[in-house]
$ cat model.txt   # compact mmCIF, N, CA and C atoms and all ligand atoms
# COMPACT_ATOMS: atom_id res chain seq x y z
N MET B 1 88.22 20.73 89.87
CA MET B 1 88.29 19.28 90.12
C MET B 1 89.74 18.84 90.28
N ALA B 2 90.63 19.41 89.43
CA ALA B 2 92.05 19.05 89.49
C ALA B 2 92.64 19.40 90.86
N GLN B 3 92.14 20.53 91.48
CA GLN B 3 92.65 20.93 92.80
C GLN B 3 92.12 20.01 93.89
N ALA B 4 90.91 19.49 93.70
CA ALA B 4 90.29 18.66 94.74
C ALA B 4 90.86 17.25 94.78
N THR B 5 91.46 16.80 93.67
CA THR B 5 91.90 15.40 93.59
C THR B 5 92.92 15.02 94.67
N PRO B 6 94.03 15.82 94.88
CA PRO B 6 94.97 15.43 95.94
C PRO B 6 94.31 15.39 97.32
N PHE B 7 93.40 16.33 97.58
CA PHE B 7 92.70 16.36 98.87
C PHE B 7 91.87 15.08 99.07
N LEU B 8 91.14 14.71 98.02
CA LEU B 8 90.31 13.51 98.11
C LEU B 8 91.18 12.26 98.30
N LEU B 9 92.33 12.25 97.62
CA LEU B 9 93.25 11.11 97.74
C LEU B 9 93.74 10.96 99.18
N VAL B 10 94.15 12.09 99.79
CA VAL B 10 94.64 12.06 101.18
C VAL B 10 93.52 11.62 102.11
N LEU B 11 92.31 12.16 101.90
CA LEU B 11 91.16 11.81 102.74
C LEU B 11 90.87 10.31 102.65
N PHE B 12 90.88 9.80 101.43
CA PHE B 12 90.60 8.38 101.20
C PHE B 12 91.64 7.50 101.90
N LEU B 13 92.93 7.87 101.73
CA LEU B 13 93.99 7.06 102.33
C LEU B 13 93.92 7.11 103.86
N THR B 14 93.60 8.29 104.41
CA THR B 14 93.51 8.44 105.87
C THR B 14 92.37 7.59 106.43
N LEU B 15 91.20 7.71 105.80
CA LEU B 15 90.05 6.94 106.27
C LEU B 15 90.29 5.45 106.11
N GLY B 16 90.90 5.07 104.98
CA GLY B 16 91.18 3.66 104.72
C GLY B 16 92.12 3.09 105.75
N ALA B 17 93.21 3.80 106.05
CA ALA B 17 94.19 3.34 107.04
C ALA B 17 93.56 3.26 108.41
N HIS B 18 92.70 4.24 108.74
CA HIS B 18 92.05 4.23 110.05
C HIS B 18 91.16 3.00 110.22
N SER B 19 90.34 2.73 109.18
CA SER B 19 89.41 1.62 109.33
C SER B 19 90.15 0.30 109.41
N VAL B 20 91.30 0.18 108.75
CA VAL B 20 92.06 -1.07 108.81
C VAL B 20 92.61 -1.26 110.22
N SER B 21 93.31 -0.23 110.77
CA SER B 21 93.95 -0.41 112.07
C SER B 21 92.92 -0.44 113.20
N ALA B 22 91.81 0.31 113.06
CA ALA B 22 90.84 0.42 114.15
C ALA B 22 90.11 -0.89 114.40
N GLU B 23 90.02 -1.74 113.41
CA GLU B 23 89.22 -2.95 113.57
C GLU B 23 90.01 -4.15 114.08
N LYS B 24 91.33 -4.02 114.18
CA LYS B 24 92.11 -5.18 114.61
C LYS B 24 91.93 -5.41 116.11
N CYS B 25 91.76 -6.65 116.48
CA CYS B 25 91.52 -6.99 117.89
C CYS B 25 92.51 -8.05 118.33
N SER B 26 93.27 -7.75 119.37
CA SER B 26 94.31 -8.66 119.84
C SER B 26 93.96 -9.20 121.22
N LEU B 27 93.98 -10.53 121.35
CA LEU B 27 93.63 -11.16 122.63
C LEU B 27 94.73 -11.03 123.68
N ALA B 28 95.97 -10.89 123.22
CA ALA B 28 97.09 -10.82 124.16
C ALA B 28 96.98 -9.56 125.02
N GLY B 29 97.15 -9.73 126.34
CA GLY B 29 97.09 -8.57 127.24
C GLY B 29 96.29 -8.85 128.50
N HIS B 30 95.92 -7.77 129.17
CA HIS B 30 95.22 -7.86 130.46
C HIS B 30 93.75 -7.46 130.28
N TRP B 31 92.87 -8.27 130.88
CA TRP B 31 91.43 -8.06 130.71
C TRP B 31 90.72 -8.11 132.06
N VAL B 32 89.59 -7.41 132.18
CA VAL B 32 88.74 -7.53 133.36
C VAL B 32 87.30 -7.71 132.88
N ASN B 33 86.54 -8.56 133.59
CA ASN B 33 85.16 -8.77 133.14
C ASN B 33 84.14 -8.09 134.07
N ASP B 34 82.88 -8.25 133.75
CA ASP B 34 81.79 -7.58 134.46
C ASP B 34 81.62 -8.07 135.91
N LEU B 35 82.25 -9.19 136.27
CA LEU B 35 82.24 -9.66 137.66
C LEU B 35 83.45 -9.15 138.44
N GLY B 36 84.39 -8.53 137.72
CA GLY B 36 85.64 -8.08 138.35
C GLY B 36 86.76 -9.09 138.26
N SER B 37 86.54 -10.20 137.53
CA SER B 37 87.60 -11.19 137.34
C SER B 37 88.66 -10.65 136.39
N ASN B 38 89.92 -11.03 136.66
CA ASN B 38 91.04 -10.58 135.83
C ASN B 38 91.62 -11.75 135.06
N MET B 39 92.08 -11.45 133.86
CA MET B 39 92.65 -12.48 133.00
C MET B 39 93.83 -11.87 132.24
N THR B 40 94.93 -12.63 132.17
CA THR B 40 96.08 -12.21 131.37
C THR B 40 96.36 -13.28 130.34
N ILE B 41 96.39 -12.89 129.08
CA ILE B 41 96.81 -13.80 128.01
C ILE B 41 98.21 -13.37 127.62
N ASP B 42 99.19 -14.23 127.94
CA ASP B 42 100.58 -13.78 127.80
C ASP B 42 101.32 -14.43 126.65
N ILE B 43 101.01 -15.67 126.35
CA ILE B 43 101.75 -16.32 125.25
C ILE B 43 100.78 -16.65 124.12
N MET B 44 101.00 -15.99 122.97
CA MET B 44 100.18 -16.23 121.77
C MET B 44 101.08 -16.83 120.70
N LYS B 45 100.83 -18.10 120.32
CA LYS B 45 101.68 -18.76 119.33
C LYS B 45 101.21 -18.43 117.92
N ALA B 46 102.10 -18.70 116.94
CA ALA B 46 101.81 -18.39 115.54
C ALA B 46 100.60 -19.17 115.02
N ASN B 47 100.34 -20.33 115.61
CA ASN B 47 99.20 -21.14 115.14
C ASN B 47 97.89 -20.75 115.81
N GLY B 48 97.90 -19.73 116.68
CA GLY B 48 96.67 -19.25 117.32
C GLY B 48 96.44 -19.83 118.70
N ASN B 49 97.28 -20.79 119.11
CA ASN B 49 97.13 -21.33 120.47
C ASN B 49 97.70 -20.34 121.49
N PHE B 50 97.05 -20.26 122.65
CA PHE B 50 97.55 -19.31 123.66
C PHE B 50 97.39 -19.86 125.08
N THR B 51 98.15 -19.26 125.98
CA THR B 51 98.05 -19.60 127.41
C THR B 51 97.96 -18.31 128.22
N GLY B 52 97.52 -18.46 129.46
CA GLY B 52 97.42 -17.29 130.33
C GLY B 52 97.02 -17.68 131.73
N ILE B 53 96.64 -16.66 132.50
CA ILE B 53 96.27 -16.84 133.91
C ILE B 53 94.90 -16.19 134.13
N TYR B 54 94.03 -16.91 134.84
CA TYR B 54 92.70 -16.40 135.16
C TYR B 54 92.60 -16.22 136.67
N TYR B 55 92.12 -15.05 137.10
CA TYR B 55 91.97 -14.76 138.53
C TYR B 55 90.51 -14.36 138.75
N THR B 56 89.69 -15.35 139.08
CA THR B 56 88.25 -15.08 139.24
C THR B 56 87.99 -14.22 140.47
N ALA B 57 86.99 -13.37 140.37
CA ALA B 57 86.60 -12.52 141.51
C ALA B 57 85.55 -13.22 142.37
N VAL B 58 84.96 -14.29 141.85
CA VAL B 58 83.86 -14.95 142.57
C VAL B 58 84.07 -16.45 142.65
N SER B 59 83.79 -17.00 143.81
CA SER B 59 83.77 -18.45 144.02
C SER B 59 83.37 -18.69 145.47
N VAL B 60 82.85 -19.89 145.74
CA VAL B 60 82.59 -20.25 147.13
C VAL B 60 83.86 -20.80 147.78
N HIS B 61 84.88 -21.06 146.94
CA HIS B 61 86.15 -21.61 147.44
C HIS B 61 87.14 -20.48 147.72
N SER B 62 88.25 -20.83 148.28
CA SER B 62 89.32 -19.87 148.53
C SER B 62 90.10 -19.65 147.22
N ILE B 63 90.00 -18.45 146.69
CA ILE B 63 90.41 -18.21 145.29
C ILE B 63 91.93 -18.13 145.12
N GLU B 64 92.40 -18.77 144.04
CA GLU B 64 93.81 -18.66 143.62
C GLU B 64 93.84 -18.44 142.12
N LYS B 65 94.95 -17.92 141.62
CA LYS B 65 95.12 -17.77 140.17
C LYS B 65 95.17 -19.15 139.52
N SER B 66 94.56 -19.26 138.34
CA SER B 66 94.47 -20.56 137.67
C SER B 66 94.88 -20.44 136.21
N PRO B 67 95.48 -21.51 135.65
CA PRO B 67 95.95 -21.44 134.27
C PRO B 67 94.82 -21.58 133.25
N LEU B 68 94.96 -20.89 132.14
CA LEU B 68 94.01 -21.04 131.03
C LEU B 68 94.77 -21.46 129.78
N LEU B 69 94.05 -22.19 128.91
CA LEU B 69 94.63 -22.73 127.68
C LEU B 69 93.60 -22.57 126.57
N GLY B 70 93.99 -21.90 125.48
CA GLY B 70 92.98 -21.63 124.45
C GLY B 70 93.52 -21.59 123.05
N SER B 71 92.62 -21.26 122.14
CA SER B 71 92.97 -21.17 120.73
C SER B 71 92.07 -20.14 120.04
N GLN B 72 92.66 -19.40 119.11
CA GLN B 72 91.89 -18.40 118.36
C GLN B 72 92.09 -18.58 116.86
N HIS B 73 91.18 -18.04 116.08
CA HIS B 73 91.36 -18.03 114.64
C HIS B 73 92.48 -17.07 114.27
N LEU B 74 93.17 -17.39 113.19
CA LEU B 74 94.34 -16.60 112.79
C LEU B 74 93.92 -15.39 111.97
N PRO B 75 94.76 -14.33 112.01
CA PRO B 75 94.43 -13.14 111.23
C PRO B 75 94.53 -13.41 109.74
N ASP B 76 93.40 -13.44 109.07
CA ASP B 76 93.42 -13.63 107.62
C ASP B 76 92.75 -12.46 106.90
N GLN B 77 92.30 -11.47 107.68
CA GLN B 77 91.67 -10.29 107.08
C GLN B 77 92.20 -9.05 107.79
N PRO B 78 92.12 -7.88 107.14
CA PRO B 78 92.56 -6.65 107.80
C PRO B 78 91.76 -6.35 109.07
N ASN B 79 90.46 -6.58 109.01
CA ASN B 79 89.62 -6.29 110.20
C ASN B 79 89.46 -7.56 111.02
N HIS B 80 90.58 -8.01 111.58
CA HIS B 80 90.61 -9.29 112.26
C HIS B 80 89.96 -9.19 113.64
N GLN B 81 88.82 -9.82 113.81
CA GLN B 81 88.12 -9.84 115.10
C GLN B 81 87.81 -11.31 115.40
N PRO B 82 88.82 -12.01 115.96
CA PRO B 82 88.77 -13.47 115.96
C PRO B 82 87.80 -14.10 116.96
N ALA B 83 87.22 -15.21 116.54
CA ALA B 83 86.52 -16.10 117.46
C ALA B 83 87.58 -16.92 118.19
N PHE B 84 87.29 -17.28 119.44
CA PHE B 84 88.26 -18.01 120.25
C PHE B 84 87.54 -18.88 121.28
N GLY B 85 88.30 -19.76 121.91
CA GLY B 85 87.80 -20.54 123.04
C GLY B 85 88.95 -20.85 123.97
N PHE B 86 88.65 -20.96 125.26
CA PHE B 86 89.69 -21.41 126.19
C PHE B 86 89.08 -22.14 127.37
N THR B 87 89.90 -22.98 127.99
CA THR B 87 89.49 -23.68 129.21
C THR B 87 90.24 -23.08 130.40
N VAL B 88 89.61 -23.10 131.56
CA VAL B 88 90.30 -22.72 132.80
C VAL B 88 90.26 -23.94 133.72
N HIS B 89 91.45 -24.35 134.11
CA HIS B 89 91.62 -25.49 135.03
C HIS B 89 91.80 -24.87 136.43
N TRP B 90 90.71 -24.83 137.20
CA TRP B 90 90.77 -24.17 138.52
C TRP B 90 91.67 -24.96 139.45
N THR B 91 92.62 -24.27 140.05
CA THR B 91 93.58 -24.96 140.92
C THR B 91 93.06 -25.11 142.34
N PHE B 92 91.96 -24.43 142.66
CA PHE B 92 91.47 -24.40 144.04
C PHE B 92 90.11 -25.08 144.19
N SER B 93 89.59 -25.66 143.09
CA SER B 93 88.33 -26.40 143.17
C SER B 93 88.41 -27.55 142.18
N ASP B 94 87.41 -28.44 142.23
CA ASP B 94 87.46 -29.59 141.32
C ASP B 94 86.59 -29.36 140.08
N SER B 95 86.33 -28.09 139.75
CA SER B 95 85.53 -27.79 138.57
C SER B 95 86.41 -27.32 137.41
N MET B 96 85.83 -27.27 136.23
CA MET B 96 86.49 -26.78 135.02
C MET B 96 85.55 -25.78 134.35
N ALA B 97 86.13 -24.79 133.66
CA ALA B 97 85.29 -23.86 132.89
C ALA B 97 85.78 -23.80 131.45
N VAL B 98 84.83 -23.64 130.54
CA VAL B 98 85.18 -23.31 129.16
C VAL B 98 84.51 -21.99 128.82
N PHE B 99 85.25 -21.15 128.13
CA PHE B 99 84.73 -19.87 127.63
C PHE B 99 84.85 -19.91 126.12
N MET B 100 83.85 -19.37 125.42
CA MET B 100 83.97 -19.19 123.97
C MET B 100 83.41 -17.83 123.62
N GLY B 101 84.03 -17.19 122.64
CA GLY B 101 83.56 -15.86 122.33
C GLY B 101 84.24 -15.26 121.13
N GLN B 102 84.14 -13.93 121.04
CA GLN B 102 84.77 -13.21 119.93
C GLN B 102 85.29 -11.88 120.44
N CYS B 103 86.42 -11.49 119.87
CA CYS B 103 87.07 -10.22 120.18
C CYS B 103 86.55 -9.17 119.18
N PHE B 104 85.99 -8.07 119.69
CA PHE B 104 85.48 -6.99 118.84
C PHE B 104 86.18 -5.68 119.16
N VAL B 105 86.25 -4.81 118.17
CA VAL B 105 86.64 -3.43 118.43
C VAL B 105 85.38 -2.59 118.32
N ASP B 106 84.98 -1.97 119.46
CA ASP B 106 83.77 -1.18 119.50
C ASP B 106 84.15 0.25 119.87
N ASP B 107 83.94 1.16 118.94
CA ASP B 107 84.28 2.58 119.18
C ASP B 107 85.76 2.73 119.57
N GLY B 108 86.62 1.93 118.92
CA GLY B 108 88.06 2.02 119.18
C GLY B 108 88.53 1.23 120.38
N LYS B 109 87.59 0.61 121.13
CA LYS B 109 87.98 -0.14 122.33
C LYS B 109 87.75 -1.64 122.10
N GLU B 110 88.71 -2.44 122.56
CA GLU B 110 88.58 -3.88 122.41
C GLU B 110 87.67 -4.46 123.49
N VAL B 111 86.82 -5.38 123.10
CA VAL B 111 85.90 -6.02 124.05
C VAL B 111 85.76 -7.50 123.66
N LEU B 112 85.71 -8.35 124.69
CA LEU B 112 85.50 -9.79 124.46
C LEU B 112 84.10 -10.15 124.90
N LYS B 113 83.32 -10.65 123.98
CA LYS B 113 81.96 -11.12 124.28
C LYS B 113 82.05 -12.64 124.44
N THR B 114 81.75 -13.15 125.62
CA THR B 114 81.91 -14.59 125.84
C THR B 114 80.67 -15.23 126.48
N MET B 115 80.57 -16.53 126.29
CA MET B 115 79.68 -17.37 127.09
C MET B 115 80.53 -18.46 127.71
N TRP B 116 80.11 -18.95 128.88
CA TRP B 116 80.89 -19.98 129.56
C TRP B 116 80.01 -21.11 130.07
N LEU B 117 80.66 -22.26 130.24
CA LEU B 117 80.06 -23.39 130.94
C LEU B 117 80.98 -23.72 132.11
N LEU B 118 80.43 -23.86 133.29
CA LEU B 118 81.21 -24.20 134.47
C LEU B 118 80.74 -25.58 134.94
N ARG B 119 81.66 -26.54 134.83
CA ARG B 119 81.33 -27.92 135.19
C ARG B 119 81.88 -28.22 136.58
N SER B 120 80.98 -28.53 137.52
CA SER B 120 81.39 -28.93 138.86
C SER B 120 81.51 -30.44 138.94
N HIS B 121 82.30 -30.89 139.87
CA HIS B 121 82.39 -32.33 140.12
C HIS B 121 81.20 -32.76 140.98
N VAL B 122 80.60 -33.88 140.60
CA VAL B 122 79.57 -34.47 141.47
C VAL B 122 79.96 -35.92 141.73
N ASP B 123 79.54 -36.44 142.87
CA ASP B 123 80.00 -37.77 143.29
C ASP B 123 79.27 -38.90 142.59
N VAL B 124 78.02 -38.66 142.21
CA VAL B 124 77.23 -39.76 141.65
C VAL B 124 76.47 -39.30 140.41
N LEU B 125 76.23 -40.27 139.54
CA LEU B 125 75.58 -40.00 138.25
C LEU B 125 74.23 -39.31 138.41
N ARG B 126 73.51 -39.64 139.43
CA ARG B 126 72.17 -39.05 139.58
C ARG B 126 72.23 -37.55 139.86
N ASP B 127 73.43 -37.05 140.21
CA ASP B 127 73.58 -35.60 140.43
C ASP B 127 74.08 -34.85 139.19
N ASP B 128 74.26 -35.57 138.11
CA ASP B 128 74.80 -34.95 136.89
C ASP B 128 73.96 -33.77 136.41
N TRP B 129 72.65 -33.87 136.60
CA TRP B 129 71.73 -32.83 136.10
C TRP B 129 72.05 -31.43 136.64
N LYS B 130 72.68 -31.36 137.81
CA LYS B 130 72.91 -30.05 138.44
C LYS B 130 74.38 -29.61 138.38
N ALA B 131 75.17 -30.31 137.58
CA ALA B 131 76.62 -30.11 137.64
C ALA B 131 77.13 -29.01 136.71
N THR B 132 76.33 -28.52 135.78
CA THR B 132 76.83 -27.56 134.79
C THR B 132 76.04 -26.26 134.84
N ARG B 133 76.78 -25.17 135.02
CA ARG B 133 76.17 -23.83 134.97
C ARG B 133 76.59 -23.12 133.69
N VAL B 134 75.77 -22.20 133.24
CA VAL B 134 76.05 -21.46 132.01
C VAL B 134 75.90 -19.96 132.29
N GLY B 135 76.70 -19.17 131.61
CA GLY B 135 76.57 -17.72 131.81
C GLY B 135 77.27 -16.94 130.73
N TYR B 136 77.32 -15.65 130.97
CA TYR B 136 77.82 -14.71 129.98
C TYR B 136 78.78 -13.75 130.68
N ASN B 137 79.92 -13.49 130.07
CA ASN B 137 80.84 -12.45 130.59
C ASN B 137 81.31 -11.56 129.45
N GLU B 138 81.45 -10.27 129.78
CA GLU B 138 82.05 -9.31 128.84
C GLU B 138 83.35 -8.80 129.46
N PHE B 139 84.42 -8.88 128.68
CA PHE B 139 85.73 -8.43 129.15
C PHE B 139 86.13 -7.15 128.43
N THR B 140 86.68 -6.23 129.20
CA THR B 140 87.29 -5.04 128.58
C THR B 140 88.79 -5.06 128.84
N CYS B 141 89.50 -4.38 127.96
CA CYS B 141 90.96 -4.42 127.98
C CYS B 141 91.49 -3.43 129.02
N LEU B 142 92.44 -3.88 129.86
CA LEU B 142 93.12 -2.98 130.80
C LEU B 142 94.37 -2.46 130.11
N GLU B 143 94.53 -1.14 130.07
CA GLU B 143 95.69 -0.57 129.35
C GLU B 143 96.98 -0.90 130.07
C1 LIG B 201 84.76 -22.61 141.17
O1 LIG B 201 84.10 -21.87 141.92
O2 LIG B 201 84.65 -23.84 141.21
C2 LIG B 201 85.77 -22.02 140.25
C3 LIG B 201 85.59 -20.59 139.95
C4 LIG B 201 84.51 -20.34 138.93
C5 LIG B 201 84.38 -18.87 138.55
C6 LIG B 201 83.29 -18.64 137.51
S1 LIG B 201 83.73 -19.22 135.89
C7 LIG B 201 82.43 -18.30 135.16
C8 LIG B 201 82.28 -17.01 135.93
N1 LIG B 201 83.10 -15.96 135.36
C9 LIG B 201 84.08 -15.58 136.19
O3 LIG B 201 84.91 -14.69 135.94
N2 LIG B 201 84.02 -16.27 137.32
C10 LIG B 201 82.89 -17.18 137.33
$ encode --input "model.txt" --output "structure tokens"
Amino acid sequence: MAQATPFLLVLFLTLGAHSVSAEKCSLAGHWVNDLGSNMTIDIMKANGNFTGIYYTAVSVHSIEKSPLLGSQHLPDQPNHQPAFGFTVHWTFSDSMAVFMGQCFVDDGKEVLKTMWLLRSHVDVLRDDWKATRVGYNEFTCLE
């Protein structure tokens, strides 16, 4: 038993360190979603607010890169997998999108599970019923 103790200690510390680092999920970086849209989150402030650029792969309009503005929960646990939300102000159409989701580490890979609402502009109140679309996007991290 005395011989096994140092081995068990090393094993415990190795597994413990792995599980701590493996679960951390960082929103900052380059992402691509299941539609082929690209997103870069470049500025992450200490209070959890962030900005970035969204480049959608799909639209009926002529596509341009558009700014995003969001906020995430702060790291308060070792296995930080934060919930977040952001808006995209499309520069090439009169619609707005909001995304909300959570950053997960799955099998060592970061993934963002999101849902979105896309609000289009309509000219009259009676068209309001058809102005909002809803959907789901999954983003994976580009190295
Ligand atoms: C528009 O067509 O008015 C703006 C572009 C909307 C793109 C949508 S937002 C939700 C979905 N996820 C994407 O990556 N692109 C589409």
$ atom_distance --input "model.txt" --atom1 "CA of Lys113 (chain B)" --atom2 "CA of Leu142 (chain B)"
15.3 Å
$ residues_around --input "model.txt" --residues "region 106-111 of chain B" --least-positions-apart "3" --cutoff "5 Å" --atoms "all atoms listed in the file" --output "NGL selection string"
:B and (103 or 139-141)
$ closest_atom_pairs --input "model.txt" --of "chain B" --to "ligand LIG 201 (chain B)" --cutoff "6 Å" --atoms "all atoms listed in the file" --output "JSON lines"
{"residue": "B:Leu35", "atom": "CA", "partner": "B:LIG201", "partner_atom": "O3", "distance": 5.9}
{"residue": "B:Ser37", "atom": "CA", "partner": "B:LIG201", "partner_atom": "O3", "distance": 4.6}
{"residue": "B:Thr56", "atom": "CA", "partner": "B:LIG201", "partner_atom": "O3", "distance": 4.7}
{"residue": "B:Ala57", "atom": "N", "partner": "B:LIG201", "partner_atom": "O3", "distance": 5.1}
{"residue": "B:Val58", "atom": "C", "partner": "B:LIG201", "partner_atom": "C5", "distance": 4.8}
{"residue": "B:Ser59", "atom": "CA", "partner": "B:LIG201", "partner_atom": "O1", "distance": 4.0}
{"residue": "B:Val60", "atom": "N", "partner": "B:LIG201", "partner_atom": "O1", "distance": 4.5}
{"residue": "B:His61", "atom": "N", "partner": "B:LIG201", "partner_atom": "O1", "distance": 5.1}
{"residue": "B:Trp90", "atom": "CA", "partner": "B:LIG201", "partner_atom": "C2", "distance": 5.7}
{"residue": "B:Ser93", "atom": "CA", "partner": "B:LIG201", "partner_atom": "O2", "distance": 4.9}
{"residue": "B:Asp94", "atom": "N", "partner": "B:LIG201", "partner_atom": "O2", "distance": 5.5}
{"residue": "B:Ser95", "atom": "N", "partner": "B:LIG201", "partner_atom": "O2", "distance": 4.8}
{"residue": "B:Ala97", "atom": "CA", "partner": "B:LIG201", "partner_atom": "S1", "distance": 5.7}
{"residue": "B:Leu118", "atom": "CA", "partner": "B:LIG201", "partner_atom": "S1", "distance": 5.8}
$ write_last_selection --input "model.txt" --atoms "N, CA and C atoms" --output "PDB file, keeping the file's coordinate frame"
ATOM      1  N   LEU B  35      82.250  -9.190 136.270  1.00  0.00           N
ATOM      2  CA  LEU B  35      82.240  -9.660 137.660  1.00  0.00           C
ATOM      3  C   LEU B  35      83.450  -9.150 138.440  1.00  0.00           C
ATOM      4  N   SER B  37      86.540 -10.200 137.530  1.00  0.00           N
ATOM      5  CA  SER B  37      87.600 -11.190 137.340  1.00  0.00           C
ATOM      6  C   SER B  37      88.660 -10.650 136.390  1.00  0.00           C
ATOM      7  N   THR B  56      89.690 -15.350 139.080  1.00  0.00           N
ATOM      8  CA  THR B  56      88.250 -15.080 139.240  1.00  0.00           C
ATOM      9  C   THR B  56      87.990 -14.220 140.470  1.00  0.00           C
ATOM     10  N   ALA B  57      86.990 -13.370 140.370  1.00  0.00           N
ATOM     11  CA  ALA B  57      86.600 -12.520 141.510  1.00  0.00           C
ATOM     12  C   ALA B  57      85.550 -13.220 142.370  1.00  0.00           C
ATOM     13  N   VAL B  58      84.960 -14.290 141.850  1.00  0.00           N
ATOM     14  CA  VAL B  58      83.860 -14.950 142.570  1.00  0.00           C
ATOM     15  C   VAL B  58      84.070 -16.450 142.650  1.00  0.00           C
ATOM     16  N   SER B  59      83.790 -17.000 143.810  1.00  0.00           N
ATOM     17  CA  SER B  59      83.770 -18.450 144.020  1.00  0.00           C
ATOM     18  C   SER B  59      83.370 -18.690 145.470  1.00  0.00           C
ATOM     19  N   VAL B  60      82.850 -19.890 145.740  1.00  0.00           N
ATOM     20  CA  VAL B  60      82.590 -20.250 147.130  1.00  0.00           C
ATOM     21  C   VAL B  60      83.860 -20.800 147.780  1.00  0.00           C
ATOM     22  N   HIS B  61      84.880 -21.060 146.940  1.00  0.00           N
ATOM     23  CA  HIS B  61      86.150 -21.610 147.440  1.00  0.00           C
ATOM     24  C   HIS B  61      87.140 -20.480 147.720  1.00  0.00           C
ATOM     25  N   TRP B  90      90.710 -24.830 137.200  1.00  0.00           N
ATOM     26  CA  TRP B  90      90.770 -24.170 138.520  1.00  0.00           C
ATOM     27  C   TRP B  90      91.670 -24.960 139.450  1.00  0.00           C
ATOM     28  N   SER B  93      89.590 -25.660 143.090  1.00  0.00           N
ATOM     29  CA  SER B  93      88.330 -26.400 143.170  1.00  0.00           C
ATOM     30  C   SER B  93      88.410 -27.550 142.180  1.00  0.00           C
ATOM     31  N   ASP B  94      87.410 -28.440 142.230  1.00  0.00           N
ATOM     32  CA  ASP B  94      87.460 -29.590 141.320  1.00  0.00           C
ATOM     33  C   ASP B  94      86.590 -29.360 140.080  1.00  0.00           C
ATOM     34  N   SER B  95      86.330 -28.090 139.750  1.00  0.00           N
ATOM     35  CA  SER B  95      85.530 -27.790 138.570  1.00  0.00           C
ATOM     36  C   SER B  95      86.410 -27.320 137.410  1.00  0.00           C
ATOM     37  N   ALA B  97      86.130 -24.790 133.660  1.00  0.00           N
ATOM     38  CA  ALA B  97      85.290 -23.860 132.890  1.00  0.00           C
ATOM     39  C   ALA B  97      85.780 -23.800 131.450  1.00  0.00           C
ATOM     40  N   LEU B 118      80.430 -23.860 133.290  1.00  0.00           N
ATOM     41  CA  LEU B 118      81.210 -24.200 134.470  1.00  0.00           C
ATOM     42  C   LEU B 118      80.740 -25.580 134.940  1.00  0.00           C
TER      43      LEU B 118
END
$ closest_residue --input "model.txt" --among "B:Asn49, B:Asn38, B:Ser120, B:Thr114" --to "Gly70 (chain B)" --atoms "only C-alpha atoms"
B:Asn49
$ atom_distance --input "model.txt" --atom1 "CA of Asp76 (chain B)" --atom2 "CA of Ile53 (chain B)"
26.6 Å
$ closest_residue --input "model.txt" --among "B:Gln81, B:Thr91, B:Gln102, B:Ser71" --to "Thr51 (chain B)" --atoms "only C-alpha atoms"
B:Ser71
$ select_by_dssp --input "model.txt" --residues "region 20-138 of chain B" --states "helix (DSSP H, G or I)" --output "ChimeraX atom specification"
/B:20-22,125-130
$ atom_distance --input "model.txt" --atom1 "atom C of Ala28 (chain B)" --atom2 "atom N of Gly135 (chain B)"
23.4 Å
$ build_atoms --input "model.txt" --residues "region 49-57 of chain B" --atoms "N, CA, C and O atoms" --output "mmCIF file, keeping the file's coordinate frame"
data_model
loop_
_atom_site.group_PDB
_atom_site.id
_atom_site.type_symbol
_atom_site.label_atom_id
_atom_site.label_comp_id
_atom_site.auth_asym_id
_atom_site.auth_seq_id
_atom_site.Cartn_x
_atom_site.Cartn_y
_atom_site.Cartn_z
ATOM 1 N N ASN B 49 97.280 -20.790 119.110
ATOM 2 C CA ASN B 49 97.130 -21.330 120.470
ATOM 3 C C ASN B 49 97.700 -20.340 121.490
ATOM 4 O O ASN B 49 98.704 -19.677 121.221
ATOM 5 N N PHE B 50 97.050 -20.260 122.650
ATOM 6 C CA PHE B 50 97.550 -19.310 123.660
ATOM 7 C C PHE B 50 97.390 -19.860 125.080
ATOM 8 O O PHE B 50 96.617 -20.804 125.319
ATOM 9 N N THR B 51 98.150 -19.260 125.980
ATOM 10 C CA THR B 51 98.050 -19.600 127.410
ATOM 11 C C THR B 51 97.960 -18.310 128.220
ATOM 12 O O THR B 51 98.276 -17.229 127.718
ATOM 13 N N GLY B 52 97.520 -18.460 129.460
ATOM 14 C CA GLY B 52 97.420 -17.290 130.330
ATOM 15 C C GLY B 52 97.020 -17.680 131.730
ATOM 16 O O GLY B 52 97.055 -18.865 132.108
ATOM 17 N N ILE B 53 96.640 -16.660 132.500
ATOM 18 C CA ILE B 53 96.270 -16.840 133.910
ATOM 19 C C ILE B 53 94.900 -16.190 134.130
ATOM 20 O O ILE B 53 94.658 -15.062 133.672
ATOM 21 N N TYR B 54 94.030 -16.910 134.840
ATOM 22 C CA TYR B 54 92.700 -16.400 135.160
ATOM 23 C C TYR B 54 92.600 -16.220 136.670
ATOM 24 O O TYR B 54 92.952 -17.117 137.447
ATOM 25 N N TYR B 55 92.120 -15.050 137.100
ATOM 26 C CA TYR B 55 91.970 -14.760 138.530
ATOM 27 C C TYR B 55 90.510 -14.360 138.750
ATOM 28 O O TYR B 55 90.142 -13.185 138.599
ATOM 29 N N THR B 56 89.690 -15.350 139.080
ATOM 30 C CA THR B 56 88.250 -15.080 139.240
ATOM 31 C C THR B 56 87.990 -14.220 140.470
ATOM 32 O O THR B 56 88.684 -14.342 141.488
ATOM 33 N N ALA B 57 86.990 -13.370 140.370
ATOM 34 C CA ALA B 57 86.600 -12.520 141.510
ATOM 35 C C ALA B 57 85.550 -13.220 142.370
ATOM 36 O O ALA B 57 85.272 -12.759 143.485
#
